[in-house]
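Enquirer: This is the structure, below, for whatever I ask next.
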Amino acid sequence: MTLRAFASGLALCLAIAAPARADGCDALTARLIRGTGASLAGRTGPLVVFRAADAERMSLDCGPPRRMVFRSLDREPPRFYFVLIGLAAKTLAGAGADQVEILAMNLHQAALLSGAPQLGRARGAVLRCEPGDHLDGSSEGALCRLAADRRPRLRHGASLFASSDAR
């Protein structure tokens, strides 16, 4: 095989793979719109921005690992902000919407009390909420980041020990 043939084959593979990634992001965007009720505000490459009544900013980064950002201008956002995070977690990570909603509220409150970002997990989702304090000293808003949990999960009934001799 010549170098020219190899380069042509590689270029063809990359050309086929790029639309597949875009289609995956488009499909996820459509599922998020259906799952959360948000609307599409725009897209630039792998970054998708949504309009949502319950968040000042809701965005999706389709690059690996896929993750979302939610920002509210309110230091203590209304309950619907956390509901929105739960609905997005269900679509993005297959997590329980109610579990992630409660986790988001708890992490947000802990971040406000401690002044430091808080991290938590709920059945397939990883969530990090920050107090929203800015470098200029102002304390406005709330910020949470969501991603699918990539840690391996044990199947129901699976043992932590490979050997049956461990008792």
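By order of appearance in the structure tokens: chains A, B, ..., then residues from 1 within every chain, and ligands from 1 in the order shown.
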Determine, counting only C-alpha atoms, which protein, DNA and RNA residues have an atom within 12 Å of an atom of Ala53 in chain A; residues of the same chain fewer than 3 positions away are not included. Present the result as a list of chain:residue names.

Expert: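 So the residues in contact are A:Thr36, A:Gly37, A:Ala38, A:Ser39, A:Phe50, A:Glu56, A:Arg57, A:Met58, A:Phe70, A:Arg71, A:Ser72, A:Leu73, A:Pro77, A:Pro78, A:Phe80, A:Tyr81, A:Val83, A:Leu84.
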
Enquirer: What would the file look like if the residues just selected were written as a JSON list (two decimals), in the first residue's frame with N, CA, C and O atoms?

Expert:
[["chain", "number", "residue", "atom", "x", "y", "z"],
["A", 36, "THR", "N", -36.21, 18.27, 28.57],
["A", 36, "THR", "CA", -36.17, 19.38, 29.51],
["A", 36, "THR", "C", -37.14, 20.51, 29.18],
["A", 36, "THR", "O", -37.43, 21.34, 30.03],
["A", 37, "GLY", "N", -37.59, 20.56, 27.94],
["A", 37, "GLY", "CA", -38.45, 21.67, 27.53],
["A", 37, "GLY", "C", -37.67, 22.91, 27.13],
["A", 37, "GLY", "O", -38.25, 23.94, 26.80],
["A", 38, "ALA", "N", -36.34, 22.84, 27.14],
["A", 38, "ALA", "CA", -35.51, 23.98, 26.73],
["A", 38, "ALA", "C", -35.58, 24.12, 25.21],
["A", 38, "ALA", "O", -36.01, 23.20, 24.50],
["A", 39, "SER", "N", -35.14, 25.25, 24.71],
["A", 39, "SER", "CA", -35.09, 25.46, 23.27],
["A", 39, "SER", "C", -33.65, 25.74, 22.86],
["A", 39, "SER", "O", -32.84, 26.19, 23.66],
["A", 50, "PHE", "N", -28.61, 26.40, 25.10],
["A", 50, "PHE", "CA", -30.07, 26.31, 25.15],
["A", 50, "PHE", "C", -30.65, 27.54, 25.84],
["A", 50, "PHE", "O", -29.97, 28.20, 26.62],
["A", 56, "GLU", "N", -30.27, 30.77, 33.62],
["A", 56, "GLU", "CA", -29.75, 31.85, 32.79],
["A", 56, "GLU", "C", -28.96, 31.28, 31.62],
["A", 56, "GLU", "O", -29.01, 31.77, 30.51],
["A", 57, "ARG", "N", -28.23, 30.20, 31.90],
["A", 57, "ARG", "CA", -27.46, 29.54, 30.84],
["A", 57, "ARG", "C", -27.55, 28.04, 31.05],
["A", 57, "ARG", "O", -27.38, 27.55, 32.16],
["A", 58, "MET", "N", -27.78, 27.34, 29.97],
["A", 58, "MET", "CA", -27.77, 25.88, 29.97],
["A", 58, "MET", "C", -27.03, 25.50, 28.70],
["A", 58, "MET", "O", -27.44, 25.86, 27.61],
["A", 70, "PHE", "N", -25.01, 24.60, 33.99],
["A", 70, "PHE", "CA", -26.24, 25.31, 34.32],
["A", 70, "PHE", "C", -25.87, 26.50, 35.19],
["A", 70, "PHE", "O", -25.19, 26.34, 36.20],
["A", 71, "ARG", "N", -26.32, 27.69, 34.80],
["A", 71, "ARG", "CA", -26.05, 28.88, 35.60],
["A", 71, "ARG", "C", -27.36, 29.61, 35.84],
["A", 71, "ARG", "O", -28.19, 29.74, 34.95],
["A", 72, "SER", "N", -27.50, 30.07, 37.07],
["A", 72, "SER", "CA", -28.63, 30.91, 37.45],
["A", 72, "SER", "C", -28.06, 32.21, 37.98],
["A", 72, "SER", "O", -27.01, 32.21, 38.63],
["A", 73, "LEU", "N", -28.72, 33.31, 37.70],
["A", 73, "LEU", "CA", -28.27, 34.59, 38.24],
["A", 73, "LEU", "C", -28.61, 34.72, 39.72],
["A", 73, "LEU", "O", -28.03, 35.53, 40.43],
["A", 77, "PRO", "N", -31.34, 29.80, 43.61],
["A", 77, "PRO", "CA", -32.31, 29.67, 42.52],
["A", 77, "PRO", "C", -33.59, 28.96, 42.96],
["A", 77, "PRO", "O", -33.59, 28.22, 43.94],
["A", 78, "PRO", "N", -34.66, 29.19, 42.20],
["A", 78, "PRO", "CA", -35.91, 28.50, 42.52],
["A", 78, "PRO", "C", -35.79, 26.99, 42.27],
["A", 78, "PRO", "O", -34.87, 26.53, 41.58],
["A", 80, "PHE", "N", -37.23, 25.02, 40.35],
["A", 80, "PHE", "CA", -37.27, 24.57, 38.96],
["A", 80, "PHE", "C", -35.87, 24.50, 38.33],
["A", 80, "PHE", "O", -35.65, 23.74, 37.40],
["A", 81, "TYR", "N", -34.93, 25.28, 38.84],
["A", 81, "TYR", "CA", -33.54, 25.20, 38.38],
["A", 81, "TYR", "C", -33.00, 23.80, 38.63],
["A", 81, "TYR", "O", -32.37, 23.18, 37.77],
["A", 83, "VAL", "N", -34.85, 21.08, 39.21],
["A", 83, "VAL", "CA", -35.66, 20.14, 38.41],
["A", 83, "VAL", "C", -35.06, 20.02, 37.02],
["A", 83, "VAL", "O", -34.93, 18.92, 36.48],
["A", 84, "LEU", "N", -34.68, 21.15, 36.44],
["A", 84, "LEU", "CA", -34.07, 21.17, 35.11],
["A", 84, "LEU", "C", -32.78, 20.34, 35.08],
["A", 84, "LEU", "O", -32.55, 19.56, 34.15]]

Enquirer: Just give me the gap between CA of Gly115 in chain A and CA of Pro131 in chain A in Å, one decimal is fine.

Expert: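 Separating CA of Gly115 in chain A from CA of Pro131 in chain A is a distance of 5.9 Å.
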
Enquirer: Please report, as a ChimeraX atom specification, each residue of range 48-148 of chain A to which DSSP assigns strand (DSSP E or B) when run on this structure's backbone.

Expert: /A:48-52,55-61,67-72,118-122,125-130,133,139,142-148

Enquirer: Kindly export the residues of the current selection with C-alpha atoms, as a PDB file, in the first residue's frame.

Expert:
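Output saved as selection_15.pdb:
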ATOM      1  CA  VAL A  48     -24.687  23.742  22.180  1.00  0.00           C
ATOM      2  CA  VAL A  49     -26.448  26.556  24.063  1.00  0.00           C
ATOM      3  CA  PHE A  50     -30.071  26.313  25.148  1.00  0.00           C
ATOM      4  CA  ARG A  51     -32.692  28.767  26.343  1.00  0.00           C
ATOM      5  CA  ALA A  52     -34.428  27.596  29.483  1.00  0.00           C
ATOM      6  CA  ALA A  55     -31.560  28.775  34.048  1.00  0.00           C
ATOM      7  CA  GLU A  56     -29.748  31.846  32.792  1.00  0.00           C
ATOM      8  CA  ARG A  57     -27.458  29.542  30.844  1.00  0.00           C
ATOM      9  CA  MET A  58     -27.767  25.884  29.970  1.00  0.00           C
ATOM     10  CA  SER A  59     -25.103  24.500  27.671  1.00  0.00           C
ATOM     11  CA  LEU A  60     -23.910  21.122  26.425  1.00  0.00           C
ATOM     12  CA  ASP A  61     -20.367  20.281  25.388  1.00  0.00           C
ATOM     13  CA  ARG A  67     -21.008  17.519  29.995  1.00  0.00           C
ATOM     14  CA  MET A  68     -23.470  20.298  30.749  1.00  0.00           C
ATOM     15  CA  VAL A  69     -23.314  23.618  32.583  1.00  0.00           C
ATOM     16  CA  PHE A  70     -26.244  25.314  34.321  1.00  0.00           C
ATOM     17  CA  ARG A  71     -26.049  28.880  35.599  1.00  0.00           C
ATOM     18  CA  SER A  72     -28.629  30.910  37.449  1.00  0.00           C
ATOM     19  CA  GLN A 118     -19.110  20.390  46.103  1.00  0.00           C
ATOM     20  CA  LEU A 119     -19.032  17.119  44.148  1.00  0.00           C
ATOM     21  CA  GLY A 120     -21.539  14.263  44.247  1.00  0.00           C
ATOM     22  CA  ARG A 121     -22.766  11.234  42.310  1.00  0.00           C
ATOM     23  CA  ALA A 122     -26.213   9.776  41.735  1.00  0.00           C
ATOM     24  CA  ALA A 125     -24.409  11.137  36.969  1.00  0.00           C
ATOM     25  CA  VAL A 126     -21.610  13.260  38.429  1.00  0.00           C
ATOM     26  CA  LEU A 127     -22.534  16.722  39.598  1.00  0.00           C
ATOM     27  CA  ARG A 128     -20.398  19.615  40.810  1.00  0.00           C
ATOM     28  CA  CYS A 129     -22.054  22.728  42.197  1.00  0.00           C
ATOM     29  CA  GLU A 130     -20.221  25.926  43.052  1.00  0.00           C
ATOM     30  CA  ASP A 133     -18.760  33.668  44.185  1.00  0.00           C
ATOM     31  CA  SER A 139     -21.722  36.717  45.360  1.00  0.00           C
ATOM     32  CA  ALA A 142     -25.316  29.574  41.104  1.00  0.00           C
ATOM     33  CA  LEU A 143     -23.369  27.208  38.902  1.00  0.00           C
ATOM     34  CA  CYS A 144     -23.660  23.425  38.496  1.00  0.00           C
ATOM     35  CA  ARG A 145     -21.822  21.120  36.097  1.00  0.00           C
ATOM     36  CA  LEU A 146     -23.208  17.727  35.070  1.00  0.00           C
ATOM     37  CA  ALA A 147     -21.552  14.749  33.359  1.00  0.00           C
ATOM     38  CA  ALA A 148     -22.150  11.046  32.990  1.00  0.00           C
TER      39      ALA A 148
END

Enquirer: At a cut-off of 12 Å, using only C-alpha atoms, what residues contact Gly94 in chain A? Leave out same-chain residues fewer than 3 positions from it and give the result as a PyMOL selection string.

Expert: chain A and resi 31-32+35+86-91+97-100+122-126+147-149

Enquirer: In Å to one decimal, how far is CA of Ala93 in chain A from CA of Asp54 in chain A?

Expert: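 Going from CA of Asp54 in chain A over to CA of Ala93 in chain A, I get 20.3 Å.
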
Enquirer: If you count only C-alpha atoms, which residues fall within 10 Å of Gly45 in chain A, apart from same-chain ones fewer than 6 positions away, as a ChimeraX atom specification?

Expert: /A:22,25,61-63

Enquirer: Go ahead and compute the interatomic distance for CA of Ala104 in chain A and CA of Ile85 in chain A, in Å to one decimal.

Expert: 7.4 Å
